[in-house]
Amino acid sequence: MDDVPFWRRKTLEAMNPVEWESLCDGCGRCCLNKLEDWDTGEIAWTDVACRLLDGGTCRCIRYEGRQSEVPDCIQLTPEEVRSISWLPPTCAYRLVAEGRDLYWWHPLVSGDAETVHAAGVSVRGRTISEGLVREDELEGRIVRWPGQLPKAGRRPVSKTRT
């Protein structure tokens with residue numbers, strides 16, 4: 001059983017803090033500003049990143065104190081993961097909650113934190129900081145890619161020789 005990775009044998013609730021934190025692949029997609037249609041609940045992603053997101057590493061520069069600096073930053077919990085509609089389809093927390101496996105580029109699978117960037121899954125080089133954009137400009141910054149799985153990020157198909 002020990003050769004089965006923890007994310008395949010544990011629920012989100014059963015994970016220890018180190019396991020929980022390691023599920024984050026460092027893509028930065030959850031740190032993008034999103035717009036919600038109040039009538040339909042539909043979420044529109046923007047390419048505008050939280051001011052605390054480091055665009056090169058795709059990590060929060062003040063992770064431990066982020067909620068005090070950005071009050072609407074959501075602390076993920078198993079309950080939140082199951083109720084938030086805007087988690088990216090590539091998000092490991094979402095995948096585990098749905099009983100699915102991690103993608104090949106996830107650092108826990110690949111052993112390399114750079115594969116999330118190489119696969120085109122991260123926000124690296126694709127965003128602008130919210131400090132440079134006025135709130136009334138957000139609608140003009142709507143993009144679709146954060147809610148999609150890039151072709152390079154899909155699992156390679158095993159080819160069988162005949």
# chains A, B, ... in the order shown; residues from 1 in each chain; ligands from 1
$ select_by_dssp --residues "stretch 11-136 of chain A" --states "alpha helix (DSSP H)" --output "PyMOL selection string"
chain A and resi 17-22+66-69+78-83+92-97+107-110+115-118
$ closest_atom_pairs --of "stretch 12-75 of chain A" --to "stretch 128-143 of chain A" --cutoff "12 Å" --atoms "only C-alpha atoms" --output "JSON lines"
{"residue": "A:Arg29", "atom": "CA", "partner": "A:Val143", "partner_atom": "CA", "distance": 11.8}
{"residue": "A:Cys31", "atom": "CA", "partner": "A:Ser129", "partner_atom": "CA", "distance": 10.4}
{"residue": "A:Leu32", "atom": "CA", "partner": "A:Glu130", "partner_atom": "CA", "distance": 8.9}
{"residue": "A:Asn33", "atom": "CA", "partner": "A:Glu130", "partner_atom": "CA", "distance": 8.0}
{"residue": "A:Lys34", "atom": "CA", "partner": "A:Ile142", "partner_atom": "CA", "distance": 8.4}
{"residue": "A:Leu35", "atom": "CA", "partner": "A:Glu139", "partner_atom": "CA", "distance": 7.8}
{"residue": "A:Glu36", "atom": "CA", "partner": "A:Glu139", "partner_atom": "CA", "distance": 10.7}
{"residue": "A:Asp37", "atom": "CA", "partner": "A:Glu139", "partner_atom": "CA", "distance": 11.3}
{"residue": "A:Ile43", "atom": "CA", "partner": "A:Ile142", "partner_atom": "CA", "distance": 10.2}
{"residue": "A:Ala44", "atom": "CA", "partner": "A:Ile142", "partner_atom": "CA", "distance": 6.4}
{"residue": "A:Trp45", "atom": "CA", "partner": "A:Ile142", "partner_atom": "CA", "distance": 5.6}
{"residue": "A:Thr46", "atom": "CA", "partner": "A:Ile142", "partner_atom": "CA", "distance": 4.2}
{"residue": "A:Asp47", "atom": "CA", "partner": "A:Arg141", "partner_atom": "CA", "distance": 6.0}
{"residue": "A:Val48", "atom": "CA", "partner": "A:Ile128", "partner_atom": "CA", "distance": 5.0}
{"residue": "A:Ala49", "atom": "CA", "partner": "A:Ser129", "partner_atom": "CA", "distance": 4.9}
{"residue": "A:Cys50", "atom": "CA", "partner": "A:Glu130", "partner_atom": "CA", "distance": 5.7}
{"residue": "A:Arg51", "atom": "CA", "partner": "A:Ser129", "partner_atom": "CA", "distance": 5.4}
{"residue": "A:Leu52", "atom": "CA", "partner": "A:Ser129", "partner_atom": "CA", "distance": 8.4}
{"residue": "A:Leu53", "atom": "CA", "partner": "A:Ser129", "partner_atom": "CA", "distance": 7.9}
{"residue": "A:Asp54", "atom": "CA", "partner": "A:Ser129", "partner_atom": "CA", "distance": 9.1}
{"residue": "A:Gly55", "atom": "CA", "partner": "A:Ile128", "partner_atom": "CA", "distance": 8.2}
{"residue": "A:Gly56", "atom": "CA", "partner": "A:Ile128", "partner_atom": "CA", "distance": 11.5}
{"residue": "A:Cys58", "atom": "CA", "partner": "A:Ser129", "partner_atom": "CA", "distance": 11.9}
{"residue": "A:Val70", "atom": "CA", "partner": "A:Glu130", "partner_atom": "CA", "distance": 11.8}
$ write_last_selection --atoms "C-alpha atoms" --output "compact mmCIF listing (two decimals), in the first residue's frame"
# COMPACT_ATOMS: atom_id res chain seq x y z
CA ARG A 29 -4.53 29.96 -11.86
CA CYS A 31 -4.77 33.61 -8.02
CA LEU A 32 -6.31 35.21 -11.09
CA ASN A 33 -9.11 37.73 -10.70
CA LYS A 34 -12.47 36.32 -11.66
CA LEU A 35 -15.76 38.00 -12.43
CA GLU A 36 -19.05 36.43 -11.44
CA ASP A 37 -22.34 37.11 -13.18
CA ILE A 43 -17.49 32.74 -13.68
CA ALA A 44 -15.33 34.64 -16.16
CA TRP A 45 -11.55 34.39 -15.73
CA THR A 46 -9.25 37.33 -16.35
CA ASP A 47 -5.52 37.45 -16.99
CA VAL A 48 -5.18 39.82 -14.04
CA ALA A 49 -3.25 38.26 -11.16
CA CYS A 50 -3.43 39.01 -7.45
CA ARG A 51 -0.86 41.59 -6.48
CA LEU A 52 0.83 39.01 -4.23
CA LEU A 53 1.44 36.51 -7.04
CA ASP A 54 5.03 36.32 -8.25
CA GLY A 55 4.61 36.05 -12.03
CA GLY A 56 7.86 34.13 -12.45
CA CYS A 58 3.63 31.48 -9.81
CA VAL A 70 -5.92 40.29 0.57
$ atom_distance --atom1 "atom CA of A:Glu98" --atom2 "atom CA of A:Glu114"
25.0 Å
$ select_by_dssp --residues "stretch 15-140 of chain A" --states "strand (DSSP E)" --output "list of chain:residue names"
A:Leu32, A:Asn33, A:Lys34, A:Leu35, A:Glu36, A:Ile43, A:Ala44, A:Trp45, A:Thr46, A:Asp47, A:Val48, A:Ala49, A:Leu53, A:Asp54, A:Arg59, A:Cys60, A:Ile128, A:Ser129
$ residues_around --residues "A:Ile84" --least-positions-apart "6" --cutoff "12 Å" --atoms "only C-alpha atoms" --output "list in words"
Cys30, Gly41, Glu42, Ile43, Ile74, Gln75, Leu76, Thr77, Pro78, Cys91, Tyr93, Arg94 and Ala97 of chain A
$ write_last_selection --atoms "C-alpha atoms" --output "PDB file, in the first residue's frame"
ATOM      1  CA  CYS A  30      -6.499  30.257  -8.636  1.00  0.00           C
ATOM      2  CA  GLY A  41     -23.395  32.566 -11.222  1.00  0.00           C
ATOM      3  CA  GLU A  42     -21.196  32.092 -14.292  1.00  0.00           C
ATOM      4  CA  ILE A  43     -17.494  32.737 -13.684  1.00  0.00           C
ATOM      5  CA  ILE A  74      -9.727  32.079   0.102  1.00  0.00           C
ATOM      6  CA  GLN A  75      -7.994  29.586   2.370  1.00  0.00           C
ATOM      7  CA  LEU A  76      -8.661  26.239   0.718  1.00  0.00           C
ATOM      8  CA  THR A  77     -10.138  23.534   2.906  1.00  0.00           C
ATOM      9  CA  PRO A  78     -11.713  20.238   1.850  1.00  0.00           C
ATOM     10  CA  CYS A  91      -6.318  21.779  -9.851  1.00  0.00           C
ATOM     11  CA  TYR A  93      -7.368  19.604  -4.928  1.00  0.00           C
ATOM     12  CA  ARG A  94     -10.324  19.425  -7.295  1.00  0.00           C
ATOM     13  CA  ALA A  97     -11.942  15.543  -4.445  1.00  0.00           C
TER      14      ALA A  97
END
$ residues_around --residues "stretch 101-111 of chain A" --least-positions-apart "3" --cutoff "8 Å" --atoms "only C-alpha atoms" --output "number ranges by chain"
A: 7-8, 22-23, 25, 90, 92, 95-96, 114-116, 119, 153-155
$ write_last_selection --atoms "C-alpha atoms" --output "PDB file, in the first residue's frame"
ATOM      1  CA  TRP A   7      -3.372  11.370  -3.073  1.00  0.00           C
ATOM      2  CA  ARG A   8      -4.747   8.088  -4.408  1.00  0.00           C
ATOM      3  CA  SER A  22       2.153  19.589  -1.723  1.00  0.00           C
ATOM      4  CA  LEU A  23      -1.044  19.180  -3.747  1.00  0.00           C
ATOM      5  CA  ASP A  25       1.126  22.421  -8.343  1.00  0.00           C
ATOM      6  CA  THR A  90      -6.282  21.066 -13.608  1.00  0.00           C
ATOM      7  CA  ALA A  92      -5.032  18.801  -7.831  1.00  0.00           C
ATOM      8  CA  LEU A  95      -9.028  16.278  -9.023  1.00  0.00           C
ATOM      9  CA  VAL A  96      -8.521  14.429  -5.720  1.00  0.00           C
ATOM     10  CA  GLU A 114       9.102  23.108 -13.664  1.00  0.00           C
ATOM     11  CA  THR A 115       6.891  20.628 -15.540  1.00  0.00           C
ATOM     12  CA  VAL A 116       3.726  22.582 -14.689  1.00  0.00           C
ATOM     13  CA  ALA A 119       3.268  21.854 -20.032  1.00  0.00           C
ATOM     14  CA  GLY A 153      -0.867  19.288 -20.470  1.00  0.00           C
ATOM     15  CA  ARG A 154      -2.977  16.296 -21.413  1.00  0.00           C
ATOM     16  CA  ARG A 155      -1.696  12.883 -20.467  1.00  0.00           C
TER      17      ARG A 155
END
$ closest_residue --among "A:Asp3, A:Pro89, A:Ser68, A:Arg100" --to "A:Trp145" --atoms "only C-alpha atoms"
A:Pro89
$ closest_residue --among "A:Cys27, A:Leu12, A:Cys60, A:Val4" --to "A:Val121" --atoms "only C-alpha atoms"
A:Cys27
$ closest_residue --among "A:Glu64, A:Ala14, A:Leu149, A:Asp72" --to "A:Gly120" --atoms "only C-alpha atoms"
A:Leu149
